[in-house]
Amino acid sequence: MYCQVIIDIVHENVASPFTYRIPEEMELIPGQRVAVPFGRREKEGIILGLSETCDLDESRVKDILRPLEDYAAVPAELMELAGQMALEAHCPLAETLRLMLPAQMRGGRIHVKTEKTAVLNVQAEKALAMAEAEKRSPKRAAILRMLADGKVHMVSELASAVKEPREALRKLAADEIILLSEEESLRVPGSSFGSLQNPGFTLTAGQREALDEILPCLTGKGGRFLLHGVTGSGKTEVFMAAVQETLTLGKSAIILVPEIALTPQMVSWFRGRFGPVAAVIHSRLSPGERFDEWRRIRRGEARVVIGARSAVFSPARDLGLIVVDEEHESTYMSDHHPRYDAREVALNRCARENATLILASATPSILSFARARRGDYMLLEMPRRVKDRPLPEVEIVDMREELENGNRTVLSASLRRTLKECVTRGEQAMLLMNRRGYNSFVSCRSCGYVVKCPNCDISMTYHVASNDGMLRCHYCGQAMRPPETCPECGGKYIRYFGAGTQKVEEEVAKLLPGIPTARMDYDTTGGKDGHGKILEEFRSGRARVLIGTQMIAKGLDFPQVTLVGVIAADMTLNLPDYRSRERTFQLLTQVAGRAGRGEKPGKVIIQTYKPEDPVIGYAASQDYRSFFEDEFRRRRRGLYPPFTLLVRFLTESRSEEAAVRTADQLEREIRDMMENHPAWQKKVLLVSNDTPGVKVLRGKNRRHVLMKLLVGPETDEMIAAMTELAREPAGDTEVWFEVNPTTMI
């Protein structure tokens, strides 16, 4: 027997499979990982297929060295998915196969954890009698009494009751009274699962109506749904009920969340409802935890997978359902190569495995809602909150008037007053400031010089002394001391401008002395369980005010929150990106939805310098349909997605001249390509060679060639040809090819 193996090397020269001989004593299957000789080295690979014949000269065919597992690490359906993704991304198959496995499996960097166990090798009655008769060793007597229950006990468990038991265990094993062995010990994120809880939740009429549309699809060929409900309408209960039915049918479910911050909350809900069948996959797990959770999923022990975008590749058995919660979030798009959109991968998997897809959001992306209107998804709408609770009252504060009245702090008079009243009533508040740090930039009042990162074309952010008193770049991490004099003119009038979460935290501390607060941003959530600890602090009521960036705006459910304050609503509105209006509406609507989710009504205060902007008004009234119609018309007029495709070649180099030269060469090749394909040329509305919003990033000079294309039958062929252009060597310049990039900056 022979097999075709994809070697785990990402390079065009070794992108095709290699043929190896299978030794007679070895049984292998497609998808299995193997060690093979490759040149003078030993490499890992994945078996694509088996055959009984070989067209090569026998002398050139080498033997498989050994299997790395006794099962297919990549099941058949994921092998097919990886193949399709490689074709679409125009990259080697080895690169997409890496997405299907925990990174630490490669190179044997992680192993199965084992623990020594002990179990009786005699009848329990005899063991108890021996314990009573044991006079010389109280330790042996205590161990025999513990093992008399007939169960397998971890030696670490015995050691917690009997000090230094190893010698006693060795003697009992030598006398064949007990058996010692090594057993696998799973590293479970979040320690224990706790007891199962069935809250006996009664679905509302709106939830039941939505669920009744979904359930029939779980038993058939699957369905495609966009679940659109206002914040607090109970979308989570709908898809939890769908997961319950999926498990009843003997199938598995994958739940995707956009932010690691949401994972602890979702995991606690699902583990509370479904117990150990729930597994969690995200980047903050230790390598051992991620490996063990992946193996529980692969073996079918975990039938519900909760995680961030990479969880869409989980090897769930008999997949029946994928839920993409907060589907509008850009974090579902990976900007690492090979680039992918987890929502599109989920759609692909569901079609391939006859599973049902549910996209859920209070503020669906323009593309998803347009698809639903076209009939690609069934639109399920839930326009009312659970128990008909009212949407929060919204007040829009014009910060221009605050300045005229002499208020130069980050909190308006209205927000100050309402925040005090909220805390006095014993309730909780959330404050959104979508920028971390203390001051957003440092400038010289004499000449206007702004301190920028030496590696990036970005102003540096000041972090207060309690955090180290440094200027930091939020793109590359560069840190430096704030200058005492201006590096440009030598002036001493260095001033600090703008605000971030630290500044808001300080203002709240002054306003509410003695009231505990929590801050949730990139600076405070580092490390293992960083998000979970802060959220638990707030959920328990120990912290009364939660201050954070956009990570607090999504999907979190705190019944005691009655006030939400948006410190700077315009921050995302003015970004040079065609999606800035959409993202602003989504952010404001989502964070406003955190208020009033319990028995008490909620209030939202939005601070803005542009209160007349329609986006602010649509978000304040949570009027998604009006926003969608307005934005849809605007994009049709401007010919932006979904009416066109935006395609970008991004060049990056240490040398500015090299980045520009490569971009110029790409522009020439694109124009030549269009001249050679007149049908393609008709689909091209724009070719622009320009500097992106951030000219230098992490020490690399940047340039981009931007194209706007009409969608048609030729589109796939055009994209494939352009992808090949991006793959051609460009010296020391990197070229990134993006279709509808996540950011234009």
# chains A, B, ... in the order shown; residues from 1 in each chain; ligands from 1
>>> residues_around(residues="A:Lys126", least_positions_apart="6", cutoff="10 Å", atoms="only C-alpha atoms", output="list in words")
Glu132, Leu144, Ala148 and Ile177 of chain A
>>> write_last_selection(atoms="N, CA and C atoms", output="mmCIF file, in the first residue's frame")
data_model
loop_
_atom_site.group_PDB
_atom_site.id
_atom_site.type_symbol
_atom_site.label_atom_id
_atom_site.label_comp_id
_atom_site.auth_asym_id
_atom_site.auth_seq_id
_atom_site.Cartn_x
_atom_site.Cartn_y
_atom_site.Cartn_z
ATOM 1 N N GLU A 132 -7.394 -2.631 59.154
ATOM 2 C CA GLU A 132 -7.566 -2.779 60.610
ATOM 3 C C GLU A 132 -6.378 -3.493 61.223
ATOM 4 N N LEU A 144 -5.645 2.193 52.140
ATOM 5 C CA LEU A 144 -6.568 1.074 51.898
ATOM 6 C C LEU A 144 -8.007 1.476 52.192
ATOM 7 N N ALA A 148 -11.076 1.606 49.373
ATOM 8 C CA ALA A 148 -12.107 0.575 49.594
ATOM 9 C C ALA A 148 -13.410 0.890 48.852
ATOM 10 N N ILE A 177 -1.535 -5.781 46.317
ATOM 11 C CA ILE A 177 -2.796 -5.419 46.980
ATOM 12 C C ILE A 177 -3.482 -4.301 46.182
#
>>> select_by_dssp(residues="stretch 344-529 of chain A", states="strand (DSSP E or B)", output="ChimeraX atom specification")
/A:356-361,378-382,393-398,428-432,439,441-444,450,452,459,461-462,471-472,479-480,494-497,517-520
>>> residues_around(residues="A:Leu50", least_positions_apart="5", cutoff="9 Å", atoms="only C-alpha atoms", output="MDAnalysis selection string")
chainID A and resid 1:4 28:30
>>> closest_residue(among="A:Ile7, A:Cys350, A:Leu87, A:Leu379", to="A:Leu227", atoms="only C-alpha atoms")
A:Leu379
>>> residues_around(residues="A:Pro315", least_positions_apart="5", cutoff="7 Å", atoms="only C-alpha atoms", output="list in words")
Pro75, Ile297 and Arg298 of chain A
>>> residues_around(residues="stretch 628-634 of chain A", least_positions_apart="3", cutoff="12 Å", atoms="only C-alpha atoms", output="count of residues only")
32
>>> atom_distance(atom1="atom CA of A:Val312", atom2="atom CA of A:Met744")
25.8 Å
>>> atom_distance(atom1="atom CA of A:Asp212", atom2="atom CA of A:Val238")
9.8 Å
>>> atom_distance(atom1="atom CA of A:Ala174", atom2="atom CA of A:Val119")
13.4 Å
>>> closest_residue(among="A:Arg636, A:Lys387, A:Arg166, A:Arg273", to="A:Lys139", atoms="only C-alpha atoms")
A:Arg166
>>> closest_residue(among="A:Lys510, A:Arg374, A:Arg495, A:Arg544", to="A:Arg416", atoms="only C-alpha atoms")
A:Lys510
>>> residues_around(residues="A:Arg702", least_positions_apart="3", cutoff="9 Å", atoms="only C-alpha atoms", output="list in words")
Leu650, Thr651, Glu652, Ser653, Arg654, Glu656, Ala659, Val660, Thr691, Pro692, Val694, Lys695, Val696 and Leu697 of chain A
>>> residues_around(residues="stretch 472-487 of chain A", least_positions_apart="6", cutoff="6 Å", atoms="only C-alpha atoms", output="ChimeraX atom specification")
/A:460-461,698
>>> select_by_dssp(residues="stretch 55-196 of chain A", states="alpha helix (DSSP H)", output="ChimeraX atom specification")
/A:76-89,93-97,124-133,138-147,155-161,166-174
>>> closest_residue(among="A:Met378, A:Leu415, A:Leu706, A:Ala210", to="A:Met430", atoms="only C-alpha atoms")
A:Leu415
>>> closest_residue(among="A:Arg33, A:Arg170, A:Arg400, A:Arg60", to="A:Leu48", atoms="only C-alpha atoms")
A:Arg33
>>> closest_residue(among="A:Arg539, A:Lys452, A:His90, A:Arg187", to="A:Phe291", atoms="only C-alpha atoms")
A:Arg187
